[in-house]
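Colleague: Sharing coords33.txt here; it has compact mmCIF, N, CA and C atoms.
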# COMPACT_ATOMS: atom_id res chain seq x y z
N MET A 41 91.31 103.51 106.21
CA MET A 41 90.54 103.15 105.06
C MET A 41 89.33 102.31 105.47
N ASP A 42 89.40 101.78 106.70
CA ASP A 42 88.21 101.11 107.22
C ASP A 42 87.09 102.13 107.31
N GLY A 43 85.92 101.74 106.91
CA GLY A 43 84.79 102.65 106.96
C GLY A 43 84.61 103.47 105.69
N VAL A 44 85.60 103.47 104.83
CA VAL A 44 85.49 104.20 103.56
C VAL A 44 85.19 103.23 102.42
N PHE A 45 85.89 102.10 102.43
CA PHE A 45 85.73 101.10 101.39
C PHE A 45 85.14 99.83 102.00
N LYS A 46 84.30 99.17 101.24
CA LYS A 46 83.72 97.90 101.70
C LYS A 46 84.77 96.80 101.61
N ARG A 47 84.67 95.87 102.55
CA ARG A 47 85.59 94.72 102.60
C ARG A 47 85.63 94.00 101.25
N GLU A 48 84.47 93.76 100.66
CA GLU A 48 84.38 93.03 99.39
C GLU A 48 85.10 93.78 98.28
N GLU A 49 85.01 95.11 98.30
CA GLU A 49 85.67 95.92 97.29
C GLU A 49 87.19 95.83 97.45
N LEU A 50 87.66 95.90 98.68
CA LEU A 50 89.10 95.84 98.93
C LEU A 50 89.70 94.51 98.51
N LEU A 51 88.93 93.43 98.63
CA LEU A 51 89.45 92.11 98.30
C LEU A 51 89.62 91.90 96.80
N LYS A 52 88.92 92.67 95.98
CA LYS A 52 89.00 92.46 94.53
C LYS A 52 89.63 93.63 93.79
N CYS A 53 90.31 94.51 94.50
CA CYS A 53 90.86 95.69 93.82
C CYS A 53 92.32 95.92 94.19
N THR A 54 92.91 96.85 93.46
CA THR A 54 94.19 97.44 93.83
C THR A 54 93.99 98.95 93.78
N ARG A 55 94.95 99.69 94.25
CA ARG A 55 94.80 101.15 94.25
C ARG A 55 94.66 101.68 92.84
N THR A 56 95.40 101.10 91.89
CA THR A 56 95.43 101.62 90.53
C THR A 56 94.57 100.85 89.55
N GLY A 57 94.18 99.63 89.91
CA GLY A 57 93.45 98.79 88.98
C GLY A 57 94.36 97.88 88.18
N ARG A 58 95.66 97.95 88.44
CA ARG A 58 96.61 97.06 87.78
C ARG A 58 96.90 95.88 88.69
N PRO A 59 97.03 94.66 88.14
CA PRO A 59 97.34 93.50 88.98
C PRO A 59 98.70 93.66 89.65
N PRO A 60 98.88 93.08 90.82
CA PRO A 60 100.19 93.16 91.49
C PRO A 60 101.28 92.52 90.63
N SER A 61 102.37 93.20 90.43
CA SER A 61 103.43 92.70 89.55
C SER A 61 104.20 91.54 90.17
N ALA A 62 104.18 91.40 91.47
CA ALA A 62 104.94 90.34 92.13
C ALA A 62 104.20 89.02 92.17
N GLN A 63 103.03 88.95 91.58
CA GLN A 63 102.21 87.75 91.66
C GLN A 63 102.40 86.77 90.50
N GLY A 64 103.29 87.06 89.59
CA GLY A 64 103.55 86.15 88.49
C GLY A 64 102.71 86.48 87.25
N LYS A 65 103.09 85.89 86.14
CA LYS A 65 102.46 86.20 84.86
C LYS A 65 101.00 85.76 84.80
N LEU A 66 100.66 84.64 85.43
CA LEU A 66 99.28 84.17 85.41
C LEU A 66 98.35 85.19 86.05
N ARG A 67 98.76 85.74 87.18
CA ARG A 67 97.94 86.73 87.87
C ARG A 67 97.91 88.07 87.13
N GLN A 68 98.91 88.32 86.28
CA GLN A 68 98.96 89.58 85.53
C GLN A 68 97.78 89.73 84.57
N SER A 69 97.20 88.61 84.14
CA SER A 69 96.11 88.68 83.18
C SER A 69 94.73 88.79 83.86
N GLU A 70 94.70 88.70 85.18
CA GLU A 70 93.43 88.79 85.90
C GLU A 70 92.88 90.21 85.85
N LYS A 71 91.57 90.31 85.83
CA LYS A 71 90.89 91.61 85.86
C LYS A 71 90.86 92.11 87.29
N VAL A 72 91.39 93.29 87.51
CA VAL A 72 91.43 93.88 88.84
C VAL A 72 90.79 95.26 88.76
N GLU A 73 89.91 95.56 89.68
CA GLU A 73 89.24 96.86 89.71
C GLU A 73 90.10 97.87 90.49
N PRO A 74 90.07 99.14 90.09
CA PRO A 74 90.75 100.17 90.89
C PRO A 74 89.85 100.63 92.03
N LEU A 75 90.47 101.18 93.06
CA LEU A 75 89.68 101.83 94.10
C LEU A 75 88.93 103.00 93.48
N ASP A 76 87.77 103.32 94.02
CA ASP A 76 87.02 104.47 93.54
C ASP A 76 87.90 105.71 93.63
N ARG A 77 88.05 106.40 92.51
CA ARG A 77 88.97 107.54 92.44
C ARG A 77 88.58 108.66 93.39
N VAL A 78 87.31 108.97 93.46
CA VAL A 78 86.85 110.07 94.33
C VAL A 78 87.13 109.73 95.79
N ALA A 79 86.78 108.51 96.19
CA ALA A 79 87.00 108.09 97.58
C ALA A 79 88.50 108.02 97.89
N ARG A 80 89.27 107.48 96.96
CA ARG A 80 90.72 107.37 97.15
C ARG A 80 91.34 108.75 97.36
N ASN A 81 90.95 109.71 96.51
CA ASN A 81 91.49 111.07 96.63
C ASN A 81 91.00 111.74 97.91
N ALA A 82 89.78 111.44 98.34
CA ALA A 82 89.27 112.01 99.59
C ALA A 82 90.09 111.52 100.78
N VAL A 83 90.47 110.24 100.77
CA VAL A 83 91.30 109.71 101.85
C VAL A 83 92.66 110.41 101.86
N ILE A 84 93.24 110.59 100.69
CA ILE A 84 94.55 111.26 100.59
C ILE A 84 94.44 112.71 101.07
N ASP A 85 93.43 113.44 100.60
CA ASP A 85 93.27 114.84 101.00
C ASP A 85 93.02 114.96 102.50
N PHE A 86 92.19 114.07 103.05
CA PHE A 86 91.92 114.09 104.49
C PHE A 86 93.22 113.84 105.27
N SER A 87 94.00 112.88 104.81
CA SER A 87 95.26 112.54 105.50
C SER A 87 96.23 113.72 105.49
N LEU A 88 96.32 114.39 104.35
CA LEU A 88 97.21 115.56 104.25
C LEU A 88 96.74 116.68 105.17
N ASP A 89 95.43 116.96 105.16
CA ASP A 89 94.89 118.01 106.03
C ASP A 89 95.06 117.66 107.50
N TYR A 90 94.82 116.41 107.85
CA TYR A 90 94.93 115.99 109.24
C TYR A 90 96.37 116.11 109.74
N ALA A 91 97.32 115.66 108.92
CA ALA A 91 98.73 115.77 109.30
C ALA A 91 99.14 117.23 109.47
N THR A 92 98.66 118.09 108.59
CA THR A 92 98.97 119.52 108.69
C THR A 92 98.39 120.11 109.97
N ASN A 93 97.13 119.80 110.25
CA ASN A 93 96.46 120.35 111.44
C ASN A 93 97.08 119.83 112.73
N GLN A 94 97.64 118.63 112.71
CA GLN A 94 98.27 118.06 113.91
C GLN A 94 99.71 118.53 114.09
N GLY A 95 100.24 119.22 113.08
CA GLY A 95 101.62 119.70 113.14
C GLY A 95 102.63 118.59 112.87
N TRP A 96 102.20 117.53 112.23
CA TRP A 96 103.08 116.42 111.91
C TRP A 96 103.85 116.71 110.63
N VAL A 97 104.86 115.91 110.37
CA VAL A 97 105.56 115.97 109.09
C VAL A 97 104.56 115.47 108.04
N VAL A 98 104.30 116.30 107.06
CA VAL A 98 103.27 115.97 106.06
C VAL A 98 103.90 115.12 104.96
N PRO A 99 103.35 113.91 104.76
CA PRO A 99 103.89 113.06 103.68
C PRO A 99 103.49 113.60 102.32
N THR A 100 104.17 113.14 101.30
CA THR A 100 103.79 113.51 99.94
C THR A 100 102.61 112.65 99.51
N LYS A 101 101.94 113.07 98.45
CA LYS A 101 100.84 112.26 97.92
C LYS A 101 101.37 110.90 97.45
N GLY A 102 102.57 110.89 96.90
CA GLY A 102 103.18 109.64 96.47
C GLY A 102 103.40 108.68 97.63
N GLN A 103 103.84 109.21 98.76
CA GLN A 103 104.03 108.37 99.95
C GLN A 103 102.70 107.82 100.44
N LEU A 104 101.65 108.64 100.40
CA LEU A 104 100.34 108.17 100.83
C LEU A 104 99.79 107.11 99.87
N LYS A 105 99.99 107.31 98.58
CA LYS A 105 99.53 106.32 97.59
C LYS A 105 100.26 104.99 97.81
N SER A 106 101.54 105.07 98.05
CA SER A 106 102.32 103.86 98.31
C SER A 106 101.83 103.16 99.58
N ALA A 107 101.54 103.93 100.61
CA ALA A 107 101.03 103.37 101.86
C ALA A 107 99.66 102.72 101.65
N MET A 108 98.82 103.33 100.82
CA MET A 108 97.51 102.74 100.53
C MET A 108 97.67 101.39 99.83
N SER A 109 98.57 101.33 98.86
CA SER A 109 98.81 100.08 98.14
C SER A 109 99.31 99.01 99.11
N GLN A 110 100.23 99.39 99.97
CA GLN A 110 100.77 98.47 100.96
C GLN A 110 99.67 97.97 101.89
N TRP A 111 98.81 98.88 102.36
CA TRP A 111 97.73 98.51 103.27
C TRP A 111 96.76 97.54 102.61
N ILE A 112 96.42 97.77 101.35
CA ILE A 112 95.51 96.87 100.64
C ILE A 112 96.12 95.47 100.55
N GLY A 113 97.40 95.39 100.23
CA GLY A 113 98.08 94.10 100.16
C GLY A 113 98.08 93.39 101.51
N GLU A 114 98.35 94.12 102.58
CA GLU A 114 98.33 93.54 103.92
C GLU A 114 96.94 93.07 104.30
N PHE A 115 95.94 93.85 103.94
CA PHE A 115 94.55 93.49 104.21
C PHE A 115 94.18 92.19 103.52
N LYS A 116 94.54 92.08 102.24
CA LYS A 116 94.24 90.86 101.48
C LYS A 116 94.95 89.65 102.06
N ARG A 117 96.22 89.80 102.46
CA ARG A 117 96.96 88.68 103.04
C ARG A 117 96.34 88.26 104.37
N ALA A 118 95.92 89.21 105.18
CA ALA A 118 95.29 88.89 106.46
C ALA A 118 93.96 88.16 106.24
N GLU A 119 93.18 88.61 105.27
CA GLU A 119 91.90 87.95 104.97
C GLU A 119 92.13 86.52 104.47
N LYS A 120 93.14 86.34 103.64
CA LYS A 120 93.44 85.00 103.13
C LYS A 120 93.87 84.09 104.27
N LYS A 121 94.68 84.61 105.16
CA LYS A 121 95.14 83.83 106.31
C LYS A 121 93.96 83.44 107.20
N ASN A 122 93.04 84.37 107.42
CA ASN A 122 91.85 84.08 108.24
C ASN A 122 90.97 83.03 107.56
N ARG A 123 90.82 83.11 106.25
CA ARG A 123 90.02 82.13 105.51
C ARG A 123 90.63 80.73 105.63
N ASN A 124 91.95 80.67 105.54
CA ASN A 124 92.64 79.38 105.63
C ASN A 124 92.51 78.77 107.02
N ARG A 125 92.46 79.58 108.05
CA ARG A 125 92.29 79.09 109.42
C ARG A 125 90.91 78.51 109.63
N GLN A 126 89.92 79.07 108.96
CA GLN A 126 88.54 78.64 109.14
C GLN A 126 88.23 77.36 108.40
N THR A 127 89.06 76.96 107.45
CA THR A 127 88.78 75.73 106.69
C THR A 127 89.59 74.57 107.19
Re-express the file's structure as C-alpha cells.

Modeller:
Amino acid sequence: MDGVFKREELLKCTRTGRPPSAQGKLRQSEKVEPLDRVARNAVIDFSLDYATNQGWVVPTKGQLKSAMSQWIGEFKRAEKKNRNRQT
C-alpha cells in the first residue's frame, strides 16, 4: 500500500470510513475518512492477479480487506510510536 496512498491520508482514515470499534465510545464519534474506493479496489484486484500469476494460494477479497485494515492499524501505531520517540 506504500506508494498508493499518502501517509497523511492513511493516518486519518480506515478502510471503511468507520471508526475502530476497539477504541472506546469517545473515539466512535470521531469523523474518519474511508480509503479511496477506486484505489482500494485496485490494490485488491492487483493482489489477486499477482497471487494467481505467481501460482500462490489466492486469498479471498474478504481476507485481503481484513489484511488492509490490519495494515492500516499497524501503520498508525508505528507512526504514533515514532512521534512519541521524537518528543

Colleague: In Å, how far is it from atom CA of A:Ile112 to atom N of A:Ala82?

Modeller: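 Separating atom CA of A:Ile112 from atom N of A:Ala82 is a distance of 15.8 Å.
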
Colleague: What gap, in Å, lies between atom CA of A:Leu51 and atom CA of A:Lys116?

Modeller: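 About the pair atom CA of A:Leu51 and atom CA of A:Lys116: they are 5.9 Å apart.
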
Colleague: Would you mind writing down, as number ranges by chain, each residue of chain A that DSSP on the backbone assigns to strand (DSSP E or B)?

Modeller: A: 42, 45, 53-54, 73-74

Colleague: At a cut-off of 8 Å, using all atoms listed in the file, what residues contact A:Val98? Leave out same-chain residues fewer than 3 positions from it and give the result as a list in words.

Modeller: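 With the cut-off at 8 Å, the set is Ser87, Leu88, Asp89, Tyr90, Ala91, Thr92, Gly95 and Lys101 of chain A.
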
Colleague: A:Glu49: which residues within 8 Å, counting only N, CA and C atoms, same-chain residues fewer than 6 positions away excluded, as a list in words?

Modeller: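 The filter keeps Glu73, Pro74 and Leu75 of chain A.
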
Colleague: Quote the spacing between atom C of A:Gly43 and atom N of A:Lys120 in Å to one decimal place.

Modeller: 19.2 Å
